[in-house]
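S.K.: My structure is stored as work_27.cif, with mmCIF, C-alpha atoms.
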data_input
loop_
_atom_site.label_atom_id
_atom_site.label_comp_id
_atom_site.auth_asym_id
_atom_site.auth_seq_id
_atom_site.Cartn_x
_atom_site.Cartn_y
_atom_site.Cartn_z
CA MET A 779 -32.83 10.36 -5.90
CA SER A 780 -31.00 10.97 -9.11
CA THR A 781 -31.06 7.45 -10.48
CA PRO A 782 -34.57 6.04 -10.53
CA GLY A 783 -35.03 2.72 -8.78
CA ALA A 784 -31.56 2.55 -7.35
CA ASP A 785 -30.23 3.90 -4.11
CA ILE A 786 -26.91 5.70 -4.49
CA GLU A 787 -25.35 3.79 -1.62
CA THR A 788 -26.34 0.47 -3.17
CA LEU A 789 -24.78 1.57 -6.42
CA LEU A 790 -21.65 2.66 -4.61
CA SER A 791 -21.40 -0.76 -2.96
CA ARG A 792 -21.61 -2.39 -6.37
CA ALA A 793 -19.24 0.02 -8.08
CA LEU A 794 -16.60 0.04 -5.35
CA ARG A 795 -16.44 -3.65 -4.60
CA PRO A 796 -13.37 -5.09 -2.85
CA ILE A 797 -10.65 -6.34 -5.16
CA ASP A 798 -8.67 -9.50 -4.58
CA PRO A 799 -4.92 -8.99 -4.89
CA PRO A 800 -3.21 -11.00 -7.63
CA ASP A 801 -1.72 -14.32 -6.45
CA GLY A 802 1.71 -13.18 -7.51
CA LEU A 803 1.59 -10.23 -5.15
CA SER A 804 0.65 -12.36 -2.13
CA SER A 805 3.44 -14.87 -2.67
CA ARG A 806 6.02 -12.21 -3.45
CA LEU A 807 5.15 -10.15 -0.42
CA GLU A 808 5.09 -13.17 1.89
CA LEU A 809 8.47 -14.24 0.59
CA THR A 810 9.89 -10.78 1.21
CA LEU A 811 8.57 -10.75 4.76
CA VAL A 812 10.00 -14.21 5.45
CA GLU A 813 13.34 -13.17 3.96
CA LEU A 814 13.27 -10.11 6.12
CA THR A 815 13.04 -12.14 9.29
CA GLU A 816 15.43 -14.88 8.26
CA LEU A 817 18.02 -12.62 6.71
CA ALA A 818 18.71 -10.77 9.93
CA VAL A 819 19.08 -13.91 12.01
CA GLY A 820 21.05 -15.84 9.38
CA GLU A 821 23.42 -13.04 8.53
CA LEU A 822 24.37 -12.38 12.11
CA GLU A 823 24.67 -16.01 13.17
CA GLY A 824 26.64 -17.11 10.14
CA TRP A 825 28.99 -14.17 10.08
CA GLU A 826 32.72 -14.76 10.51
CA LEU A 827 35.07 -11.98 11.38
CA SER A 828 37.64 -13.26 8.88
CA ALA A 829 35.25 -12.32 6.11
CA MET A 830 35.68 -8.69 7.11
CA ARG A 831 39.02 -8.68 5.29
CA ASP A 832 37.11 -8.56 2.05
CA PRO A 833 35.43 -5.16 1.63
CA ARG A 834 32.85 -6.72 -0.68
CA ASN A 835 31.39 -8.47 2.38
CA TRP A 836 31.07 -5.42 4.55
CA MET A 837 27.63 -4.38 3.51
CA ARG A 838 25.80 -7.62 4.39
CA PRO A 839 26.39 -7.66 8.17
CA VAL A 840 25.82 -3.93 8.32
CA ILE A 841 22.42 -4.45 6.70
CA ALA A 842 21.70 -7.43 8.93
CA LEU A 843 22.32 -5.34 12.01
CA ALA A 844 20.05 -2.65 10.68
CA VAL A 845 17.26 -5.10 9.98
CA THR A 846 17.43 -6.60 13.41
CA ALA A 847 17.00 -3.18 14.92
CA THR A 848 14.46 -1.67 12.56
CA ALA A 849 13.47 -4.15 9.89
CA GLY A 850 14.45 -1.43 7.45
CA THR A 851 16.43 -3.85 5.32
CA ALA A 852 13.25 -4.95 3.65
CA LEU A 853 13.01 -1.54 2.11
CA VAL A 854 16.66 -1.61 1.10
CA ILE A 855 16.28 -4.99 -0.58
CA LEU A 856 13.09 -4.04 -2.29
CA ARG A 857 14.35 -0.74 -3.59
CA VAL A 858 17.68 -2.13 -4.74
CA ARG A 859 15.89 -4.98 -6.51
CA ALA A 860 13.46 -2.58 -8.09
CA THR A 861 16.26 -0.64 -9.74
CA GLN A 862 18.53 -3.59 -10.56
CA ARG A 863 17.41 -3.87 -14.18
CA ARG A 864 18.24 -0.24 -14.84
CA ARG A 865 21.69 -0.67 -13.30
CA ALA A 866 22.31 -3.79 -15.37
CA MET A 867 21.54 -1.83 -18.52
CA LEU A 868 23.87 0.99 -17.54
CA ALA A 869 26.76 -1.19 -16.36
CA ARG A 870 29.74 -1.54 -18.64
CA SER A 871 30.91 -4.85 -17.09
CA PRO A 872 30.03 -7.27 -14.26
CA ALA A 873 32.51 -5.46 -12.01
CA ASP A 874 30.88 -2.14 -12.84
CA LEU A 875 27.46 -3.66 -12.08
CA ALA A 876 28.72 -4.94 -8.72
CA ALA A 877 30.10 -1.52 -7.87
CA ARG A 878 26.86 0.19 -8.88
CA THR A 879 24.82 -2.29 -6.82
CA GLY A 880 27.07 -1.79 -3.82
CA ARG A 881 26.62 1.97 -4.03
CA ALA A 882 22.85 1.57 -4.39
CA VAL A 883 22.67 -0.69 -1.32
CA ALA A 884 24.72 1.77 0.70
CA ALA A 885 22.60 4.70 -0.43
CA GLU A 886 19.32 2.92 0.33
CA ALA A 887 20.64 1.73 3.71
CA ARG A 888 21.56 5.32 4.57
CA ARG A 889 18.10 6.51 3.54
CA VAL A 890 16.42 3.90 5.73
CA ILE A 891 18.67 4.59 8.70
CA ARG A 892 18.02 8.34 8.40
CA ARG A 893 14.25 7.78 8.71
CA MET B 678 17.88 -13.08 24.81
CA ALA B 679 15.33 -15.91 24.81
CA THR B 680 12.65 -13.45 25.88
CA THR B 681 13.63 -11.08 23.08
CA ALA B 682 13.51 -13.89 20.54
CA ARG B 683 10.11 -15.00 21.78
CA THR B 684 8.79 -11.47 21.67
CA LYS B 685 10.10 -11.06 18.14
CA ALA B 686 8.48 -14.35 17.11
CA GLU B 687 5.19 -13.27 18.70
CA LEU B 688 5.34 -9.94 16.93
CA ASP B 689 6.03 -11.66 13.62
CA ASP B 690 3.05 -13.96 14.18
CA GLN B 691 0.83 -11.00 14.99
CA PHE B 692 2.05 -9.14 11.96
CA ALA B 693 1.39 -12.19 9.78
CA GLU B 694 -2.17 -12.23 11.09
CA LEU B 695 -2.58 -8.53 10.35
CA TYR B 696 -1.23 -9.12 6.86
CA ARG B 697 -3.57 -12.04 6.17
CA SER B 698 -6.58 -10.16 7.50
CA HIS B 699 -6.01 -6.94 5.61
CA LEU B 700 -4.12 -7.67 2.41
CA ARG B 701 -7.34 -7.36 0.41
CA ASP B 702 -8.29 -4.11 2.17
CA VAL B 703 -4.94 -2.51 1.44
CA TYR B 704 -4.95 -3.75 -2.14
CA SER B 705 -8.51 -2.54 -2.75
CA TYR B 706 -7.72 0.86 -1.31
CA ALA B 707 -4.53 1.08 -3.36
CA TYR B 708 -6.28 0.04 -6.54
CA TYR B 709 -9.11 2.53 -6.24
CA ARG B 710 -6.63 5.20 -5.29
CA VAL B 711 -4.16 4.76 -8.16
CA GLY B 712 -6.41 3.17 -10.78
CA ASN B 713 -4.16 0.41 -12.09
CA HIS B 714 -2.89 -2.96 -10.89
CA HIS B 715 0.80 -2.25 -11.38
CA ASP B 716 0.94 0.76 -9.07
CA ALA B 717 -1.56 -0.85 -6.70
CA GLU B 718 0.79 -3.81 -6.24
CA ASP B 719 3.76 -1.53 -5.55
CA LEU B 720 1.75 0.54 -3.13
CA THR B 721 0.50 -2.54 -1.28
CA GLU B 722 4.00 -3.95 -1.02
CA GLN B 723 5.43 -0.70 0.30
CA THR B 724 2.57 -0.33 2.75
CA PHE B 725 3.20 -3.69 4.39
CA LEU B 726 6.95 -3.22 4.48
CA GLN B 727 6.55 0.13 6.14
CA ALA B 728 3.96 -1.34 8.50
CA TYR B 729 6.40 -4.09 9.45
CA ARG B 730 9.03 -1.52 10.36
CA HIS B 731 6.72 0.31 12.73
CA PHE B 732 4.48 -2.54 13.83
CA GLU B 733 5.76 -2.87 17.39
CA ARG B 734 5.25 0.81 18.16
CA ALA B 735 1.89 0.95 16.44
CA GLN B 736 0.70 -2.01 18.42
CA ALA B 737 1.86 -0.46 21.67
CA GLU B 738 0.12 2.81 20.84
CA SER B 739 -3.08 1.26 19.51
CA ASP B 740 -4.35 0.46 22.99
CA GLY B 741 -6.09 -2.63 21.68
CA ARG B 742 -7.89 -0.82 18.86
CA PRO B 743 -7.89 -2.40 15.37
CA LEU B 744 -4.88 -1.58 13.24
CA ARG B 745 -6.68 -1.42 9.92
CA PRO B 746 -7.01 2.40 9.97
CA TRP B 747 -3.30 2.66 10.68
CA LEU B 748 -2.51 0.43 7.68
CA ILE B 749 -4.78 2.42 5.41
CA ARG B 750 -3.22 5.65 6.63
CA ILE B 751 0.19 4.33 5.61
CA ALA B 752 -1.19 3.47 2.16
CA HIS B 753 -2.82 6.91 1.99
CA ASN B 754 0.48 8.67 2.75
CA LEU B 755 2.44 6.52 0.30
CA ALA B 756 -0.13 7.18 -2.42
CA ALA B 757 0.14 10.90 -1.76
CA ASN B 758 3.93 10.64 -2.12
CA LEU B 759 3.50 8.72 -5.36
CA TYR B 760 1.24 11.44 -6.72
CA ARG B 761 3.73 14.13 -5.70
CA VAL B 762 6.60 12.32 -7.42
CA ARG B 763 4.56 11.64 -10.54
CA SER B 764 3.32 15.21 -10.72
CA ARG B 765 6.90 16.27 -11.25
CA ARG B 766 6.95 13.97 -14.27
CA PRO B 767 3.97 15.12 -16.33
CA GLN B 768 4.43 12.43 -18.96
CA THR B 769 3.17 9.82 -16.51
CA THR B 770 -0.56 9.29 -16.24
CA ILE B 771 -1.57 8.86 -12.63
CA ASP B 772 -5.27 9.32 -12.71
CA ASP B 773 -6.23 6.60 -15.09
CA THR B 774 -9.35 5.14 -13.55
CA SER B 775 -10.48 3.59 -16.80
CA GLY B 776 -9.12 0.32 -15.44
CA LEU B 777 -11.77 0.37 -12.74
CA SER B 778 -14.25 -1.32 -15.02
CA ALA B 779 -11.94 -4.32 -15.12
CA VAL B 780 -13.01 -5.32 -11.60
CA HIS B 781 -16.61 -5.89 -12.55
CA THR B 782 -18.14 -9.13 -13.69
CA THR B 783 -19.92 -9.80 -16.94
CA GLU B 784 -23.18 -9.84 -15.01
CA ASP B 785 -22.53 -6.32 -13.73
CA LEU B 786 -21.66 -5.14 -17.17
CA VAL B 787 -24.84 -6.54 -18.64
CA GLU B 788 -27.11 -5.35 -15.85
CA GLY B 789 -25.82 -1.92 -15.09
CA ARG B 790 -22.71 -1.01 -16.95
CA ASP B 791 -23.77 2.55 -17.62
CA GLU B 792 -25.02 3.07 -14.12
CA LEU B 793 -21.83 1.80 -12.49
CA ALA B 794 -19.69 3.69 -14.97
CA ARG B 795 -21.54 6.90 -14.05
CA ILE B 796 -20.98 6.23 -10.36
CA LEU B 797 -17.28 5.59 -10.85
CA ALA B 798 -16.91 8.66 -13.03
CA GLY B 799 -18.73 10.65 -10.37
CA VAL B 800 -16.47 9.33 -7.61
CA LYS B 801 -13.49 10.39 -9.69
CA GLU B 802 -14.79 13.94 -9.81
CA LEU B 803 -15.05 14.29 -6.05
CA PRO B 804 -12.42 16.11 -3.99
CA ASN B 805 -9.71 13.77 -2.69
CA ASP B 806 -10.88 13.52 0.91
CA ARG B 807 -14.49 12.79 -0.10
CA ARG B 808 -13.41 10.22 -2.67
CA GLU B 809 -11.17 8.48 -0.15
CA ALA B 810 -13.87 8.41 2.49
CA LEU B 811 -16.21 6.71 0.02
CA ILE B 812 -13.57 4.15 -0.95
CA MET B 813 -12.97 3.33 2.71
CA ARG B 814 -16.69 3.04 3.44
CA PHE B 815 -17.85 1.11 0.39
CA ALA B 816 -14.83 -0.83 -0.87
CA LEU B 817 -13.39 -1.63 2.55
CA GLY B 818 -16.51 -1.53 4.70
CA MET B 819 -14.92 0.71 7.32
CA ASP B 820 -17.13 2.43 9.88
CA ASN B 821 -17.01 6.14 10.69
CA ARG B 822 -14.57 5.71 13.55
CA GLU B 823 -12.12 3.69 11.45
CA ILE B 824 -12.31 6.18 8.59
CA ALA B 825 -11.78 9.03 11.03
CA ARG B 826 -8.61 7.39 12.34
CA ALA B 827 -7.33 6.65 8.85
CA LEU B 828 -7.88 10.23 7.68
CA GLY B 829 -6.79 11.86 10.93
CA LYS B 830 -10.18 13.51 11.48
CA THR B 831 -12.75 13.49 14.27
CA ASP B 832 -15.70 11.11 14.13
CA GLY B 833 -18.07 14.06 13.65
CA ALA B 834 -16.04 15.57 10.83
CA THR B 835 -15.93 12.17 9.13
CA LYS B 836 -19.69 11.75 9.36
CA VAL B 837 -20.14 15.14 7.72
CA LEU B 838 -17.51 14.33 5.11
CA LEU B 839 -19.27 11.11 4.10
CA HIS B 840 -22.66 12.78 4.03
CA ARG B 841 -21.38 15.57 1.79
CA ALA B 842 -19.56 13.10 -0.45
CA ILE B 843 -22.75 11.13 -1.05
CA ARG B 844 -24.82 14.26 -1.62
CA GLN B 845 -22.25 15.66 -4.05
CA LEU B 846 -22.06 12.35 -5.88
CA GLU B 847 -25.85 12.27 -6.16
CA GLY B 848 -25.70 15.71 -7.68
CA ILE B 849 -23.02 14.74 -10.18
CA VAL B 850 -24.76 11.53 -11.20
CA GLY B 851 -28.13 13.29 -11.34
CA ASP B 852 -26.80 16.02 -13.62
CA GLU B 853 -25.24 13.42 -15.86
CA HIS B 854 -28.45 11.40 -15.90
CA SER B 855 -30.62 14.37 -16.87
CA ARG B 856 -28.21 15.36 -19.66
CA SER B 857 -28.24 11.89 -21.24
#
Spit out the file's structure as structure tokens when you get a sec.

M.R.:
Amino acid sequence: MSTPGADIETLLSRALRPIDPPDGLSSRLELTLVELTELAVGELEGWELSAMRDPRNWMRPVIALAVTATAGTALVILRVRATQRRRAMLARSPADLAARTGRAVAAEARRVIRR
Amino acid sequence: MATTARTKAELDDQFAELYRSHLRDVYSYAYYRVGNHHDAEDLTEQTFLQAYRHFERAQAESDGRPLRPWLIRIAHNLAANLYRVRSRRPQTTIDDTSGLSAVHTTEDLVEGRDELARILAGVKELPNDRREALIMRFALGMDNREIARALGKTDGATKVLLHRAIRQLEGIVGDEHSRS
């Protein structure tokens, strides 16, 4: 034994002890999972065909359909949210930000669907 | 339709149970793997989201076996991806395990700070598969069979892997001890 008086496995147990996740992570992750479930149901039930006239609304039901089938929307939401600050910094105006966000959602949705 | 909705609700309940049971396992694994809380949180989040996507199939294929190894395997693959991405950006430090000491209590630090620090430094020096096997065994309390499933190895190969990891770590710590 290399370390007198102490068994290496005992030391490993002490050194590699389990780590409690931060409270913020638990609540954020739970919220995301709840949103994931509710979003799909809510989006599809509340959707009106008349809203399809506005192209700005197209992405939401498309994503809702995708989440119902694969739950992949969680990834889309998470990734788009993760990069939102960067887009906000790059955007020249609110309209530009909306356009950038729309493109990001579409790109992430395509990535998830391709998986 | 009602059946589908019920099945979906049941699946969601089962996933919630899996999440509650293993959040700490996934976070511990992620933390020891990446060495800081920020990346560990991201990795944990991505792991559960990916698990949610594939939960139904995993459950069907698990044949009643525990799903913890499957969860840890997802985290393992995501961590490997993270390392690949970061390695293309050399300015980012990915192997900062100095934060590991942050998980220990004052009592630990008083009683055996040097000893634990030597162990952690030794673990860091091990090859990836040996280091991961030790994390799964000692931080998560996984048995050989679970570790084998998480690493995609046979039970026998995992037993050998753990044995060699401990022997190598003893050697590293012993060398360090005799030098100091």

S.K.: Going by the chain IDs and residue numbers used in this file, which residues fall under the PyMOL selection byres ((chain B and resi 804) around 12)? Write them as a short mmCIF file (atom, residue, chain, number, x, y, z; two decimals) with C-alpha atoms, keeping the file's coordinate frame.

M.R.:
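So selection.cif came out as:
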data_model
loop_
_atom_site.label_atom_id
_atom_site.label_comp_id
_atom_site.auth_asym_id
_atom_site.auth_seq_id
_atom_site.Cartn_x
_atom_site.Cartn_y
_atom_site.Cartn_z
CA GLY B 799 -18.73 10.65 -10.37
CA VAL B 800 -16.47 9.33 -7.61
CA LYS B 801 -13.49 10.39 -9.69
CA GLU B 802 -14.79 13.94 -9.81
CA LEU B 803 -15.05 14.29 -6.05
CA ASN B 805 -9.71 13.77 -2.69
CA ASP B 806 -10.88 13.52 0.91
CA ARG B 807 -14.49 12.79 -0.10
CA ARG B 808 -13.41 10.22 -2.67
CA GLU B 809 -11.17 8.48 -0.15
CA ALA B 810 -13.87 8.41 2.49
CA LEU B 811 -16.21 6.71 0.02
CA LEU B 838 -17.51 14.33 5.11
CA LEU B 839 -19.27 11.11 4.10
CA ARG B 841 -21.38 15.57 1.79
CA ALA B 842 -19.56 13.10 -0.45
CA ILE B 843 -22.75 11.13 -1.05
CA GLN B 845 -22.25 15.66 -4.05
CA LEU B 846 -22.06 12.35 -5.88
#

S.K.: Give me the result of the PyMOL selection byres ((chain B) within 6 of (chain A)) on this file, residue by residue, as a list of chain:residue names.

M.R.: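 So the PyMOL selection byres ((chain B) within 6 of (chain A)) ends up selecting B:Arg701, B:Tyr704, B:Ser705, B:Arg730, B:Leu793, B:Phe815, B:Ala816, B:Gly851.
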
S.K.: Restricting the output to C-alpha atoms, write the selected residues as a short mmCIF file (atom, residue, chain, number, x, y, z; two decimals), in the frame of the given file.

M.R.:
data_model
loop_
_atom_site.label_atom_id
_atom_site.label_comp_id
_atom_site.auth_asym_id
_atom_site.auth_seq_id
_atom_site.Cartn_x
_atom_site.Cartn_y
_atom_site.Cartn_z
CA ARG B 701 -7.34 -7.36 0.41
CA TYR B 704 -4.95 -3.75 -2.14
CA SER B 705 -8.51 -2.54 -2.75
CA ARG B 730 9.03 -1.52 10.36
CA LEU B 793 -21.83 1.80 -12.49
CA PHE B 815 -17.85 1.11 0.39
CA ALA B 816 -14.83 -0.83 -0.87
CA GLY B 851 -28.13 13.29 -11.34
#

S.K.: What gap, in Å, lies between CA of Arg710 (chain B) and CA of Ile849 (chain B)?

M.R.: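 Going from CA of Arg710 (chain B) over to CA of Ile849 (chain B), I get 19.6 Å.
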
S.K.: Any chance you could resolve the PyMOL selection byres ((chain B and resi 733-742) around 10) against this file and give the residues as a ChimeraX atom specification?

M.R.: /B:685,688-689,691-692,728-732,743-748,823

S.K.: So what do you get for CA of Thr721 (chain B) versus CA of Tyr706 (chain B), distance-wise?

M.R.: 8.9 Å
